[in-house]
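Asks: The structure under discussion is supplied below as structure tokens; questions concerning it will follow.
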Amino acid sequence: MHHNPLTTIVIPTYNDIHLVCDAIDCSLNQTYKNLEIIVVDDGSSDGTGRLLKEKYGEKIIYIHQENRGLSSARNAGIRRSSGKYIQFLDSDDLIDLNKISIQVGQLEKLHGPALAYSDYIRTPLGDMTIRFSGRMSPVLQVKKPFDDLMMKWETELSIPPHCFLFDAALFKDHGILFDESLPTHEDWECWMSVFSVNPTVVFTDAPLANYRRRTDSMCTNIRKMRDGYLMAIDRQIHKNRLNRNIVIRLKIRRKQIKYLYRSAGPLMRVKEKCRQFAKKIYSLLIPHRIRHERRYGKNYAETTAGKS
């Protein structure tokens, strides 16, 4: 057992030149010093690569790839990593300066593959605060955390990726990666695979991660969230196809999610298309003058006539 094992921080970024430096700085300023910081540039066109090379040089490992998405960038970081532990940190988020030190300390006391996760806070994108009263506490049950992850995700709990610190063996010994074909919920699908290995799970009772919200967040696209979640559940049904109990519960969860996102479901999409089509036909068939009379009342014709 090493008391100060190498830990890798994987920072994927895409056209976030004004934010990624915040994530890198809070990584470099960690009280834990045996770190490997890998920044995976997923095809940025805003000068990110040039800036990072000038500002950080050899302090970080910079990887550039063609734009293939967040999951691909995280996977590139996993493959390149050399640390015993892996910390994921999106370029618009922050971690407490003591996070790695605290969680490595927790994990080093354990035997076998393990992971730690913490409370977090949510702030607007421009807020650099890490200590904040609006603390989010996503506590999983101790005995069966996999069950909570499977049946309560998004409705009762949600844990941002940077709350976790993972034993790298969970990924490398089991061939676990992020599914690059999923439009959303690739993190949940990945955590499901990780938790299915039955690692020791430790909760860090402190808000060590800052999830900074942005207005163009993927979470604001309800239809995309719905479709991604259902696809992720289907992936897990396939992976667990030999475990009848898990498959049954995942199918139950699938029905729950379809109901939860019913406003973005196929039926509502058809209704919206029909509404738009009817509106278009109405505008073509009903004369402009009559439409305005209906909208503004019978005196519309006289009013417009008087003006002319």
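Residues in the structure tokens are numbered from 1 in each chain, the chains being A, B, ... in the order shown, and ligands are numbered from 1 in the order shown.
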Which polymer residues have any atom within 10 Å of an atom of A:Arg80, counting only C-alpha atoms, with same-chain residues fewer than 3 positions away left out, as a VMD selection string?
Replies: chain A and resid 8 10 38 40 61 63 74 to 77 83
Asks: For stretch 87-104 of chain A, please output as number ranges by chain all residues within 7 Å (counting only C-alpha atoms; exclusion window: fewer than 6 positions along the same chain).
Replies: A: 8-13, 16, 19-20, 23, 26, 29-32, 116, 130, 161-162, 164-166, 208-212
Asks: Measuring between only C-alpha atoms, which one of A:Lys224, A:Arg262, A:Lys172, A:His185 shows the shortest distance to A:Tyr85?
Replies: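 Checking each of A:Lys224, A:Arg262, A:Lys172, A:His185 against A:Tyr85, counting only C-alpha atoms, the winner is A:Lys172.
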Asks: Counting only C-alpha atoms, figure out which residue out of A:Ile37, A:Asp173, A:Lys84, A:Glu189 gets nearest to A:Asn240.
Replies: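 Among the listed residues, A:Glu189 lies closest to A:Asn240.
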Asks: DSSP on the backbone, then: every residue of stretch 53-242 of chain A marked strand (DSSP E or B), written as a VMD selection string.
Replies: chain A and resid 61 to 65 85 to 88 94 to 95 114 to 124 135 to 136 153 157 164 to 167 200 to 213
Asks: Apply DSSP to the backbone of this structure and, from stretch 44-140 of chain A, keep only the residues in helix (DSSP H, G or I); write these as number ranges by chain.
Replies: A: 48-59, 70-80, 99-107
Asks: Could you make a table, as a tab-separated table, of the residues of stretch 165-216 of chain A that have an atom within 12 Å of an atom of stretch 231-234 of chain A, each with its nearest atom pair and distance in Å to one decimal, counting only C-alpha atoms, in chain and number order?
Replies:
```
residue	atom	partner	partner_atom	distance
A:Phe178	CA	A:Ala232	CA	10.8
A:Asp179	CA	A:Ala232	CA	8.7
A:Glu180	CA	A:Ala232	CA	11.0
A:Ser181	CA	A:Met231	CA	9.3
A:Leu182	CA	A:Ala232	CA	6.8
A:Pro183	CA	A:Met231	CA	8.6
A:Thr184	CA	A:Ala232	CA	8.0
A:His185	CA	A:Ala232	CA	6.4
A:Glu186	CA	A:Ala232	CA	6.9
A:Asp187	CA	A:Ala232	CA	9.4
A:Trp188	CA	A:Ala232	CA	7.8
A:Glu189	CA	A:Ala232	CA	5.6
A:Cys190	CA	A:Ala232	CA	9.1
A:Trp191	CA	A:Ala232	CA	11.1
A:Met192	CA	A:Ile233	CA	9.7
A:Ser193	CA	A:Ala232	CA	11.1
```
Asks: Filtering to C-alpha atoms, could you give me those residues as an mmCIF file, in the first residue's frame?
Replies:
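selection12.cif written:
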```cif
data_model
loop_
_atom_site.group_PDB
_atom_site.id
_atom_site.type_symbol
_atom_site.label_atom_id
_atom_site.label_comp_id
_atom_site.auth_asym_id
_atom_site.auth_seq_id
_atom_site.Cartn_x
_atom_site.Cartn_y
_atom_site.Cartn_z
ATOM 1 C CA PHE A 178 -18.097 5.361 -21.204
ATOM 2 C CA ASP A 179 -20.516 4.385 -23.988
ATOM 3 C CA GLU A 180 -19.687 6.767 -26.839
ATOM 4 C CA SER A 181 -22.969 6.122 -28.665
ATOM 5 C CA LEU A 182 -25.196 7.525 -25.891
ATOM 6 C CA PRO A 183 -26.414 11.125 -26.331
ATOM 7 C CA THR A 184 -26.936 11.540 -22.548
ATOM 8 C CA HIS A 185 -26.711 9.505 -19.325
ATOM 9 C CA GLU A 186 -23.367 8.018 -20.322
ATOM 10 C CA ASP A 187 -22.207 8.667 -16.753
ATOM 11 C CA TRP A 188 -25.102 6.708 -15.189
ATOM 12 C CA GLU A 189 -24.570 3.826 -17.605
ATOM 13 C CA CYS A 190 -20.859 3.774 -16.757
ATOM 14 C CA TRP A 191 -21.452 3.967 -12.994
ATOM 15 C CA MET A 192 -23.909 1.058 -13.285
ATOM 16 C CA SER A 193 -21.154 -1.056 -14.839
#
```
Asks: At what distance in Å, to one decimal, does atom CA of A:Thr155 lie from atom CA of A:Ile252?
Replies: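 Separating atom CA of A:Ile252 from atom CA of A:Thr155 is a distance of 13.9 Å.
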Asks: Measuring between only C-alpha atoms, which one of A:Lys239, A:Arg223, A:Pro138, A:Leu115 shows the shortest distance to A:Glu154?
Replies: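 Ranked by minimum distance to A:Glu154, first place goes to A:Pro138.
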Asks: Which is closest to A:Pro160 among A:Leu51, A:Val197, A:Ile121, A:Val142, if we use only C-alpha atoms?
Replies: A:Ile121
Asks: Which one is closest to A:Lys152: A:Asn245, A:Arg235, A:Val202, A:Leu250? Count only C-alpha atoms.
Replies: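 Residue with the minimum atom-to-atom distance to A:Lys152: A:Leu250.
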Asks: Which of these, A:Leu149, A:Asn4, A:Glu58, A:Asp42, has the shortest distance to A:Ser71 once you count only C-alpha atoms?
Replies: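 Among the listed residues, the smallest separation from A:Ser71 belongs to A:Asp42.
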